[in-house]
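Single-structure report; data block below.
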Amino acid sequence: MNLSDSKKKLALAGVVCGLVAVCLALMGNPANMAFCIACFIRDTAGAFGMHQAEVVQYARPEIIGLVLGSFLISAATKEYRSTAGSSPMIRFVLGVIIMIGALVFLGCPLRMIIRMSAGDLNAWVALVGFILGIATGVFALKNGFSLGRAYATNKINGAVLPMIVTGILVLALATSLLKASEAGPGSMHAPVIASLIGGLVFGAFAQKSRMCFAGSMRDVILMKNFDLLSVIAGLFVVLLIFNIATGRFVAGFNTPGVIAHSEHLWNILGMYTVGFAAVLAGGCPLRQLILAGQGSSDAAVTVVGMFVGGAMCHNFGLAASGTSLNPETKELVAGAVPPNGKIACIICIIICFVIAFTCKREDAKK
Amino acid sequence: MRKKELKLVVTFHTTADAMAMEKACREQEVPGRIIPVPRTISAGCGLAWCAGLEDREQIAAMMKKTGIEEEDMHECMV
């Protein structure tokens with residue numbers, strides 16, 4: 001089935017992915033974190049002991065499924081292309097930056113949409129920053145920003161990340177080497193097989209529809225093209241309907257249990273960072289996993305950067321805390337971005353500007 | 001809805017090349033517009049230049065003159 005020849009079919013791909021997120025939330029994933037790329041990469045990094053935050057350690061099969069889903073569907077439909085060589089270390093840095101921005105906001109663009117559909121107004125505030133970040137990236141593109149071209153490589157190169165995630169799955173299922181949270185968000189998860197199948201389906205549909213949260217906005221700003229945005233619209237609508245129909249839609253700030261904070265400036269700047277870095281890297285966190293699955297070693301390096309970034313966020317106290325209820329006093333404890341997180345976010349934005357306006361097409365061609 | 005037509009679609013190695021193409025075409029009044037790479041051509045999410053089939057030679061000449069290298073030139077429904 002050709003998913004890309006009309007906006008309706010593209011929206012249908014978004015609907016399928018939305019339904020996957022709904023099913024996984026119903027089966028045990030944290031409701032408002034049903035399918036978050038940044039959170040799940042951070043959890044998987046924790047499972048490897050890359051950070052010691054005990055409540056967010058779990059090898060999320062969704063991440064494994066996304067990469068393998070993209071790999072398998074691209075191989076089956078002859079779209080697998082092993083490529084590499086487009087500024088790998090800059091892409092690594094952009095991967096780290098994307099994670100820092102995402103964990104200052106508390107979620108990737110996919111989770112931002114999930115939170116928006118549940119009425120979390122903090123996510124709507126963050127959307128402003130995300131769009132501004134993408135617009136800044138588009139401005140850089142118009143001014144000649146380039147990381148240089150990728151080249152075809154030996155086929156096995158592009159299959160390395162799919163093999164690594166398969167190895168993670170084996171370790172998770174057959175050994176007790178990986179850490180797993182006993183409390184907190186990391187302990188909340190759907191059964192492994194459901195998460196894996198969900199990831200595979202999501203990955204396959206995302207590969208076919210080219211789902212990308214940054215790319216969709218980029219295309220609207222740059223060309224007034226709404227094709228990719230229709231995928232996101234399908235995802236949002238199905239989640240919105242589900243939340244309203246099941247009474248889960250609660251419009252407001254400071255909602256306990258949503259794992260969000262109401263520091264508006266930092267919600268905006270966190271997602272500004274993600275949007276900006278994602279345009280420079282050529283895709284949002286989800287898209288990086290999908291591109292890596294279909295053979296891009298450059299995207300795989302960005303994914304490695306996201307793992308390192310996820311670990312850094314917890315090792316160096318950069319990640320924000322969510323608003324919660326004190327179980328003893330029943331008082332609302334406001335979530336916040338720690339000072340280190342604010343400093344890191346500003347540094348990340350500065351680095352993005354340096355990358356955006358120093359990496360030029362003319363230089364890349366020399 | 002706009003009816004799809006057979007068009008010339010020029011793809012590039014980088015997004016920056018596509019942006020340079022747009023700039024050069026505007027300056028030299030070469031016909032066409034920038035579009036997302038059609039899904040039938042690529043699973044990637046880059047940009048392409050779309051023009052009429054009859055503009056092929058003019059576009060190729062302009063690209064040679066300005067040093068913009070294409071990845072490929074396709075004819076497809078857009």
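By order in the structure tokens, chains are A, B, ...; within a chain, residues start at 1; ligands start at 1, following the order shown.
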- Message: Just list as a count of residues only whatever in segment 6-183 of chain A DSSP marks as helix (DSSP H, G or I).
- Response: 118
Could you give me, as JSON lines, a per-residue list for chain B showing, wherever an atom lies at most 8 Å from an atom of chain A, the closest pair of atoms and their distance in Å to one decimal, using only C-alpha atoms and sorting by chain then residue number from low to high?
```
{"residue": "B:His13", "atom": "CA", "partner": "A:Arg149", "partner_atom": "CA", "distance": 5.5}
{"residue": "B:Thr14", "atom": "CA", "partner": "A:Arg149", "partner_atom": "CA", "distance": 5.6}
{"residue": "B:Thr15", "atom": "CA", "partner": "A:Ser146", "partner_atom": "CA", "distance": 7.3}
{"residue": "B:Ala16", "atom": "CA", "partner": "A:Gly144", "partner_atom": "CA", "distance": 5.6}
{"residue": "B:Asp17", "atom": "CA", "partner": "A:Arg361", "partner_atom": "CA", "distance": 7.4}
{"residue": "B:Met19", "atom": "CA", "partner": "A:Lys142", "partner_atom": "CA", "distance": 6.2}
{"residue": "B:Ala20", "atom": "CA", "partner": "A:Gly144", "partner_atom": "CA", "distance": 7.3}
{"residue": "B:Ile34", "atom": "CA", "partner": "A:Met223", "partner_atom": "CA", "distance": 7.1}
{"residue": "B:Ile35", "atom": "CA", "partner": "A:Met223", "partner_atom": "CA", "distance": 6.8}
{"residue": "B:Pro36", "atom": "CA", "partner": "A:Asp219", "partner_atom": "CA", "distance": 7.3}
{"residue": "B:Arg39", "atom": "CA", "partner": "A:Ser4", "partner_atom": "CA", "distance": 6.3}
{"residue": "B:Ser42", "atom": "CA", "partner": "A:Glu79", "partner_atom": "CA", "distance": 7.8}
{"residue": "B:Ala43", "atom": "CA", "partner": "A:Glu79", "partner_atom": "CA", "distance": 6.7}
{"residue": "B:Gly44", "atom": "CA", "partner": "A:Arg210", "partner_atom": "CA", "distance": 7.5}
{"residue": "B:Cys45", "atom": "CA", "partner": "A:Arg210", "partner_atom": "CA", "distance": 7.0}
```
- Task: For each of B:Ala60, B:Val78, B:Cys50, B:Ala24, take the minimum atom-to-atom distance to Thr11 of chain B, counting only C-alpha atoms, then give the residue where this is smallest.
- Result: B:Cys50
Go through segment 242-352 of chain A residue by residue and, counting only C-alpha atoms, keep those with an atom at most 12 Å from segment 43-64 of chain A; for each kept residue give the shortest atom pair and its distance in Å to one decimal, ordered by chain and increasing number, as a tab-separated table.
```
residue	atom	partner	partner_atom	distance
A:Pro285	CA	A:Ile63	CA	10.8
A:Leu286	CA	A:Ile63	CA	9.2
A:Arg287	CA	A:Ile63	CA	11.9
A:Gln288	CA	A:Ile63	CA	11.3
A:Leu289	CA	A:Ile63	CA	7.9
A:Ile290	CA	A:Ile63	CA	10.0
A:Ala292	CA	A:Ile64	CA	11.6
A:Gly293	CA	A:Ile64	CA	9.9
A:Val303	CA	A:Ile63	CA	10.6
A:Val304	CA	A:Ala45	CA	10.0
A:Gly305	CA	A:Ala45	CA	11.1
A:Met306	CA	A:Ala45	CA	9.3
A:Phe307	CA	A:Ala45	CA	5.8
A:Val308	CA	A:Ala45	CA	7.6
A:Gly309	CA	A:Ala45	CA	9.4
A:Gly310	CA	A:Ala45	CA	6.8
A:Ala311	CA	A:His51	CA	5.0
A:Met312	CA	A:His51	CA	7.4
A:Cys313	CA	A:His51	CA	8.6
A:His314	CA	A:His51	CA	6.1
A:Asn315	CA	A:His51	CA	5.7
A:Phe316	CA	A:His51	CA	9.5
A:Gly317	CA	A:Ala53	CA	10.1
A:Ala319	CA	A:Ala53	CA	10.7
```
Dump C-alpha atoms for the selected residues as a CSV table (one decimal), in the first residue's frame?
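What ended up in again-v9.csv:
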```
chain,number,residue,atom,x,y,z
A,285,PRO,CA,14.5,12.2,17.6
A,286,LEU,CA,12.0,9.8,16.1
A,287,ARG,CA,13.2,10.5,12.5
A,288,GLN,CA,16.8,9.9,13.6
A,289,LEU,CA,15.9,6.4,14.7
A,290,ILE,CA,14.0,5.7,11.5
A,292,ALA,CA,19.3,5.0,11.3
A,293,GLY,CA,17.1,1.9,10.7
A,303,VAL,CA,21.2,8.4,18.1
A,304,VAL,CA,24.4,7.5,20.0
A,305,GLY,CA,24.7,11.2,20.8
A,306,MET,CA,21.1,11.1,22.2
A,307,PHE,CA,22.1,8.1,24.5
A,308,VAL,CA,25.1,10.0,25.8
A,309,GLY,CA,23.0,13.2,26.2
A,310,GLY,CA,20.4,11.3,28.1
A,311,ALA,CA,23.0,10.0,30.5
A,312,MET,CA,24.6,13.5,30.9
A,313,CYS,CA,21.2,15.0,31.8
A,314,HIS,CA,20.9,12.8,34.9
A,315,ASN,CA,24.6,12.6,35.8
A,316,PHE,CA,25.0,16.4,35.7
A,317,GLY,CA,21.6,17.4,37.1
A,319,ALA,CA,16.9,17.2,33.6
```
- Item | Selection: 10 Å around segment 327-339 of chain A, only C-alpha atoms, excl. self and same-chain fewer than 5 positions, as a list in words | Leu103, Val104, Phe105, Leu106, Asn254, Thr255, Pro256, Ile259, Ala260, His261, Ser262, Glu263, Trp266, Asn267, Gly270, Gly317, Leu318, Ala319, Ala320, Ser321, Gly322, Ala344 and Cys345 of chain A
Residues within 8 Å of segment 237-248 of chain A, only C-alpha atoms, excluding chain neighbours under 4 positions, as a PDB file with N, CA and C atoms, in the first residue's frame:
```pdb
ATOM      1  N   VAL A  15      -2.651   8.117  12.396  1.00  0.00           N
ATOM      2  CA  VAL A  15      -3.705   7.501  13.219  1.00  0.00           C
ATOM      3  C   VAL A  15      -3.220   6.144  13.754  1.00  0.00           C
ATOM      4  N   GLY A  18      -0.773   6.711  16.424  1.00  0.00           N
ATOM      5  CA  GLY A  18      -1.485   7.188  17.621  1.00  0.00           C
ATOM      6  C   GLY A  18      -2.140   6.039  18.370  1.00  0.00           C
ATOM      7  N   LEU A  19      -2.740   5.114  17.622  1.00  0.00           N
ATOM      8  CA  LEU A  19      -3.389   3.961  18.247  1.00  0.00           C
ATOM      9  C   LEU A  19      -2.361   3.071  18.954  1.00  0.00           C
ATOM     10  N   VAL A  22      -1.717   4.723  22.220  1.00  0.00           N
ATOM     11  CA  VAL A  22      -2.861   4.506  23.117  1.00  0.00           C
ATOM     12  C   VAL A  22      -2.802   3.098  23.717  1.00  0.00           C
ATOM     13  N   ILE A 114       1.619  14.279  22.452  1.00  0.00           N
ATOM     14  CA  ILE A 114       0.813  13.440  23.356  1.00  0.00           C
ATOM     15  C   ILE A 114       0.305  14.279  24.534  1.00  0.00           C
ATOM     16  N   SER A 117      -2.402  16.700  23.452  1.00  0.00           N
ATOM     17  CA  SER A 117      -3.700  16.046  23.219  1.00  0.00           C
ATOM     18  C   SER A 117      -4.419  15.718  24.524  1.00  0.00           C
ATOM     19  N   ALA A 118      -3.665  15.723  25.634  1.00  0.00           N
ATOM     20  CA  ALA A 118      -4.283  15.447  26.938  1.00  0.00           C
ATOM     21  C   ALA A 118      -4.625  16.736  27.675  1.00  0.00           C
ATOM     22  N   ALA A 233      -1.020  15.507  12.264  1.00  0.00           N
ATOM     23  CA  ALA A 233      -2.422  15.843  12.555  1.00  0.00           C
ATOM     24  C   ALA A 233      -3.225  14.573  12.837  1.00  0.00           C
TER      25      ALA A 233
END
```
- Would you mind telling me which residue in B:Gly46, B:Glu57, B:Gly52, B:Met63 lies nearest to Cys25 of chain B when using only C-alpha atoms?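 Nearest candidate to Cys25 of chain B out of B:Gly46, B:Glu57, B:Gly52, B:Met63: B:Met63.
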